[in-house]
Amino acid sequence: MSTLVVDAPAAAPAPPARGAAVELRNVSHWYGNVVAVNDVSFSLGPGITGLLGPNGAGKSTLLHMLAGFLAPSAGEVLVDGRPAWKNPEMYRSLGLVPEREAVYPFLTGYEFALMNARLHGLPDPERAAEQAIDIVGLRAAMHRKIGGYSKGMRQRAKIAGALVHEPRIVLLDEPFNGMDPAQRMQMMELLRRLAEQGKTILISTHILEELHHLANNVLVVVAGRLAASGHFREIRRLMTDRPHTFTLRSSDDRRLASVLMAHEAVKGVELGAAEITVRTAERVGFALHLPIAARDAGITLYEVRPTDESLESVFSYLVKR
Amino acid sequence: MAHALDAAAGTIYDIGYRNYEGARLGRGYAFRTLYIHSLRAAFGLGRGGRALIVPWALFATMLFPAVVTVAVAGISGGMMNKLIDYDDIFPFNAMLLALFCAAQAPELVSTDQYHRVLPLYFSRALRQRDYAVAKLLAMWTAVFILMVSPLLVILMGRLALPSDFAAAFRGESKNFLAILGTPTAAALVMGTLALAVASYVPRRGIGSAAVLGTFLLTSALSGILSQTLDGARYVILLNPIFTVGGAVLALFGERPERGSPFRQAHLPPEVYYGAVIAYAVVFALLLLNRYRKLGV
Amino acid sequence: MRHSVELTLARLAVRQVAGSRRALWVVLLAALPVLMSLLFGADSEGPADAIKDFGELYTKLIVTVLLPLVALVVGSSVFGSEVDDGTITYVLGKPVARWRIVLTRIVVAGLVTAAVLVPSTLLSGVAALRGVDAPGVISAFTAAVAVGSFLYCALFVALSLSTRRALVAGLAYVVVWEGLLSNTFGGSRALSIRQYTLSIADRLVHSDAISLSRLDVKTALVMAAVVTTLATLHAIRRLRIFEIGEAA
C-alpha cells in the first residue's frame, strides 16, 4: 500500500448553509424496540456526500426516510425545507436509485426510462428518456429487455430512470454493489459529472474505497448513530491509523514476544496459551520487521493472522474515539 | 519441485473449523421433527404473534356453538335437546374447516418453496417423500384436532349432564366410532386436497385462493350438475365437502333429510367411504409427485 | 399529456396482472360456465326452464365463485406484487397524487376482472339460451357482473393495502361473511357485494321468471356506492402513509 501518488491538499469542505437541499434534525427511527437510527443530524449540499457504515448500521433506514418512504419516529427530515414524509411533490427535485435489484424485467431500458418520464408528467418524455439513456451510456442496449441486462447495466438503467426528470438531489443506495472495476469507474465518472452540474448527491456504501476520488464529505454511521463526518482523507486516516492486532504462533512464543517488544512499532504484546497477540500502530513497519526479527532470533513462525480486520471492529473503534 | 507446486496450487488452511464427530440422529428423527414443526406451523405456533390469529380464530369459531349449547343446556337444568346433534357439527363447520385448510396449507408447503429452502431440507437425511409425508401427517393431525374438538365437547355434554353417568356412557358408546371417523374423513379428504393444491402454488396468498377456489368450485359445479342432470347420483362425489358429509351421515347411521342432496343421491355408505379413500389416495399421489419433481 | 400518467400506471398494472401463468388458470376458470352451458344447456325443457337453469348457473357459479375469486386474485396483485418485489418505489417515488394511483389501479383491476367475467357470462348465456327467446337476460346478467367486478376490486385493492394477509382476509369475507352470515341474518344482506350484484341483475332482467336476490335494488345501489367509496378512500389513505422499511 505504498502511496506514491500525493493528492493535492483540498480545502476542508464548507458546512452546507441553512436552507440546504437536504437537512436532518435529530432524526430517530425505531421498529418496536429496535432503534435503527439514533438522533442523527446533518445537512447535504451540492456535491457528492458519502454515507458510510457497516450493514445494519441504519443506512437504508436513513435513505428511506430521506426518500419519503418512511416516517421518522422523532425529528425532522427536510428536503428543500419541507418534510419528506407525505410529500409527493418532493419527487420533482429528488431522484432515487434504490438498492433492490428488481426492475421490471419485461421493459426495455428505454421503456423503463420512458415510463419514469411519463409518470413525472414531463412535457417531452421521449426526449427526456433518451437523454437519460445517453447520460448513463446505455444507448447501445436501450432496446433490449432489462431482464437480459448484466448487473452493471441494470444499475445504469435504474440511474437513468432516476435522472430522467433532472432532479437536483439524487440518492443512491449501494450503487456499486456487484460492479466490476471497469463498471465502477464508469459509474464514478458519471456521478462526478452530475456533481459538477451542482447536484446534491448522496451515496451509501459499506466500502470506504468506493468513495475515493468521489465524495468530498463522508458521513459515518455506526449502530444508528452518526459516528464521524469529515473529508474522505480524514476518515480514512482515522480508520487506518489505529492500532492493529495480530495473532502469532511460533516455535518459541515467549522469546519472540520479548524480541518484538523491543521494536518501536509494537505497542504491546500479550502471551496466550498457545499464541501471542501483538498490538502495533504501524502495520507496514511491523510487517516488514516481524520476519527479520524472527529469523535473527532463530524462531520459526507458524502462523501470522490479523485479528481485527472486520469492518465492525473498524467502525466501533471509530465510535469509541 | 512438483510437490512444492502442488502445495502452492491449493491447500486448505486450518482456520479452526471443527468437524462434528458426535451422534447423528438420522432420518426417523428428522421426519418426526418435521412433523411436529409442521403441526405447530399449522396452528401458527412459533412464528410470532400475527400467525396465531387466523388458525385460532377459526378454531374458536368452530368450538363456539358447541360450547355455548352445552353451557346453556347445563344452566337450564340438563335439557339435552338443546345440544347440537353430532351429525350437524360437520355441516355447520365445513366452510370454516375449508377456510382453515386454505389458510394454513400454504403455510406448510408454499412458504418453503417461496423462500427456496427445500435444498436445505433435502441435503440432509430427509428424503423428498419423507418431507411430503410428514407434511401430510401434520395437516391430517391439524384437521383432525379441529374437527374432533366440537364433537368431543358435545360428547362431554351428553355424558356430564344426565344424572346417570353409566347409562349415558352406554348410550353414547355407539357414537364413539363415528366421533372418531368424522374428523378422520375430513382430514383424509379436505386436508389432503388442500395440501396437494397448495404445494403446486409457491405463493402463499394465491395458494389460499387456489385451495378455497377448489372447494367453492367443486361445490358449485356439483350443485349445478346434480340439478341439471336428473338421476346423476354420483355427481355429489365431485364435491369433497359433500363426500365427507355423506360419510358422516353414514357413520352416525342417520338418514338424510328430505330435500337434502344426500337424499337425492341415495348412495350406500360404502360408496362414500370408498370416495373418501379415493380422494385421499389421488391427492396424496399428486402431492408426492410434486415433491418428486421439486426435490431434484 | 395528463393522460400519460394514468395510462402509464394502467399499462404497468395490466402487465403485472396479465403476464403470468396465473392468467392462464383464470381464463380456464372463466371457460367453465361456458363449458357447462354448452354441455347441459340443451337438457332443459322449455324456455322458462332454460332461463331458470341459466339463472342458477349465473348465481351459483359465476357470481358466487368466479367473480369474487378472479377479483380477489386480480385486485390483490395490482399493488401486491410490486410491494413484494420492491418495484413499488418506482410508482410511489413520483410526484403523482396518491388518489390518482389508487383510482387508476382500481379501475384497471375492475376492467381486467370484467374482461374475464363478461365474455364468460355472455358466452355461457348464449350457449344456455340458444333458441330461447329471453329478452335482455344475457345483457342484464353481463352488465351486473361488470358492475360487480368493480365493486369487488375496490374492496380487495383496499384490503391488499391494509393487511399482509389480504388474500386470506378476502377469502374469509367471501366465504364466511357473504356465504354463511349473510344468508342467516337478513339485515346483513345489505352488506354483501354478492347481493348487490344479484339485485342489479334482477332489476335489469325485470322478469318474473327469475328472482335472484331478496335485496331491493335501491338499497343495493346506495350501499354499493357507499362501500365502494369507503373502500377507495381507505385505500388512498393507506397508500399515503405507506412505509417501505429496512429490508424492503
# chains A, B, ... in the order shown; residues from 1 in each chain; ligands from 1
$ interface_residues --of "chain B" --to "chain C" --cutoff "9 Å" --atoms "only C-alpha atoms" --output "list of chain:residue names"
B:Val54, B:Met95, B:Leu96, B:Leu99, B:Ala102, B:Ala103, B:Arg204, B:Gly205, B:Ile206, B:Ser208, B:Ala209, B:Ala210, B:Leu212, B:Gly213, B:Leu216, B:Leu217, B:Ala220, B:Leu221, B:Gly223, B:Ile224, B:Leu225, B:Gln227, B:Thr228, B:Leu229
$ interface_residues --of "chain A" --to "chain B" --cutoff "12 Å" --atoms "only C-alpha atoms" --output "MDAnalysis selection string"
chainID A and resid 302:305
$ closest_residue --among "A:Pro72, A:Pro46, A:Gly32, A:Gly121" --to "chain C" --atoms "only C-alpha atoms"
A:Gly121
$ closest_atom_pairs --of "chain C" --to "chain A" --cutoff "9 Å" --atoms "only C-alpha atoms" --output "tab-separated table"
residue	atom	partner	partner_atom	distance
C:Met1	CA	A:Pro123	CA	7.2
C:Arg2	CA	A:Gly121	CA	6.9
C:Ser4	CA	A:Arg118	CA	6.0
C:Val5	CA	A:Leu119	CA	5.0
C:Glu6	CA	A:Leu119	CA	8.2
C:Thr8	CA	A:Met115	CA	6.5
C:Leu9	CA	A:Leu119	CA	7.6
C:Leu12	CA	A:Met115	CA	8.9
C:Arg15	CA	A:Phe106	CA	8.7
C:Asp85	CA	A:Ala102	CA	6.3
C:Gly86	CA	A:Ala102	CA	6.5
C:Thr87	CA	A:Ala102	CA	6.2
C:Thr89	CA	A:Pro98	CA	7.8
C:Tyr90	CA	A:Asn116	CA	7.5
C:Val91	CA	A:Leu119	CA	7.9
C:Leu92	CA	A:Pro88	CA	7.9
C:Gly93	CA	A:Tyr91	CA	6.2
C:Lys94	CA	A:Tyr91	CA	5.3
C:Pro95	CA	A:Pro88	CA	4.6
C:Val96	CA	A:Pro88	CA	6.4
C:Ala97	CA	A:Pro88	CA	6.8
C:Arg98	CA	A:Pro88	CA	8.2
C:Arg240	CA	A:Lys86	CA	6.3
C:Ile241	CA	A:Lys86	CA	6.8
C:Phe242	CA	A:Phe69	CA	7.1
C:Glu243	CA	A:Leu70	CA	5.0
C:Ile244	CA	A:Phe69	CA	5.4
C:Gly245	CA	A:Leu70	CA	6.7
C:Glu246	CA	A:Thr61	CA	5.4
C:Ala247	CA	A:Ser60	CA	8.2
C:Ala248	CA	A:Arg100	CA	7.5
$ atom_distance --atom1 "atom CA of Pro269 of chain B" --atom2 "atom CA of Val281 of chain B"
18.5 Å
$ residues_around --residues "Thr228 of chain C" --least-positions-apart "2" --cutoff "7 Å" --atoms "only C-alpha atoms" --output "PDB file with N, CA, C and O atoms, in the first residue's frame"
ATOM      1  N   LEU C 151     -66.938  -3.410  -8.016  1.00  0.00           N
ATOM      2  CA  LEU C 151     -67.233  -3.372  -6.585  1.00  0.00           C
ATOM      3  C   LEU C 151     -66.255  -4.248  -5.814  1.00  0.00           C
ATOM      4  O   LEU C 151     -65.642  -3.824  -4.841  1.00  0.00           O
ATOM      5  N   ALA C 154     -62.609  -2.869  -5.851  1.00  0.00           N
ATOM      6  CA  ALA C 154     -62.361  -1.768  -4.920  1.00  0.00           C
ATOM      7  C   ALA C 154     -62.097  -2.314  -3.531  1.00  0.00           C
ATOM      8  O   ALA C 154     -61.137  -1.933  -2.851  1.00  0.00           O
ATOM      9  N   LEU C 155     -62.941  -3.242  -3.099  1.00  0.00           N
ATOM     10  CA  LEU C 155     -62.771  -3.809  -1.767  1.00  0.00           C
ATOM     11  C   LEU C 155     -61.436  -4.524  -1.635  1.00  0.00           C
ATOM     12  O   LEU C 155     -60.702  -4.352  -0.653  1.00  0.00           O
ATOM     13  N   ALA C 224     -73.890  -0.130  -2.478  1.00  0.00           N
ATOM     14  CA  ALA C 224     -72.730  -0.409  -3.329  1.00  0.00           C
ATOM     15  C   ALA C 224     -71.883   0.849  -3.478  1.00  0.00           C
ATOM     16  O   ALA C 224     -70.656   0.806  -3.383  1.00  0.00           O
ATOM     17  N   ALA C 225     -72.571   1.982  -3.695  1.00  0.00           N
ATOM     18  CA  ALA C 225     -71.831   3.236  -3.825  1.00  0.00           C
ATOM     19  C   ALA C 225     -71.088   3.549  -2.536  1.00  0.00           C
ATOM     20  O   ALA C 225     -69.914   3.942  -2.545  1.00  0.00           O
ATOM     21  N   VAL C 226     -71.773   3.351  -1.413  1.00  0.00           N
ATOM     22  CA  VAL C 226     -71.140   3.648  -0.122  1.00  0.00           C
ATOM     23  C   VAL C 226     -69.911   2.775   0.095  1.00  0.00           C
ATOM     24  O   VAL C 226     -68.825   3.260   0.425  1.00  0.00           O
ATOM     25  N   LEU C 230     -66.080   4.096   0.387  1.00  0.00           N
ATOM     26  CA  LEU C 230     -65.305   3.894   1.606  1.00  0.00           C
ATOM     27  C   LEU C 230     -64.037   3.099   1.331  1.00  0.00           C
ATOM     28  O   LEU C 230     -62.959   3.442   1.816  1.00  0.00           O
ATOM     29  N   ALA C 231     -64.182   2.051   0.541  1.00  0.00           N
ATOM     30  CA  ALA C 231     -63.015   1.223   0.245  1.00  0.00           C
ATOM     31  C   ALA C 231     -61.952   2.043  -0.480  1.00  0.00           C
ATOM     32  O   ALA C 231     -60.764   1.983  -0.156  1.00  0.00           O
ATOM     33  N   THR C 232     -62.380   2.819  -1.466  1.00  0.00           N
ATOM     34  CA  THR C 232     -61.422   3.616  -2.229  1.00  0.00           C
ATOM     35  C   THR C 232     -60.734   4.638  -1.334  1.00  0.00           C
ATOM     36  O   THR C 232     -59.509   4.795  -1.376  1.00  0.00           O
TER      37      THR C 232
END
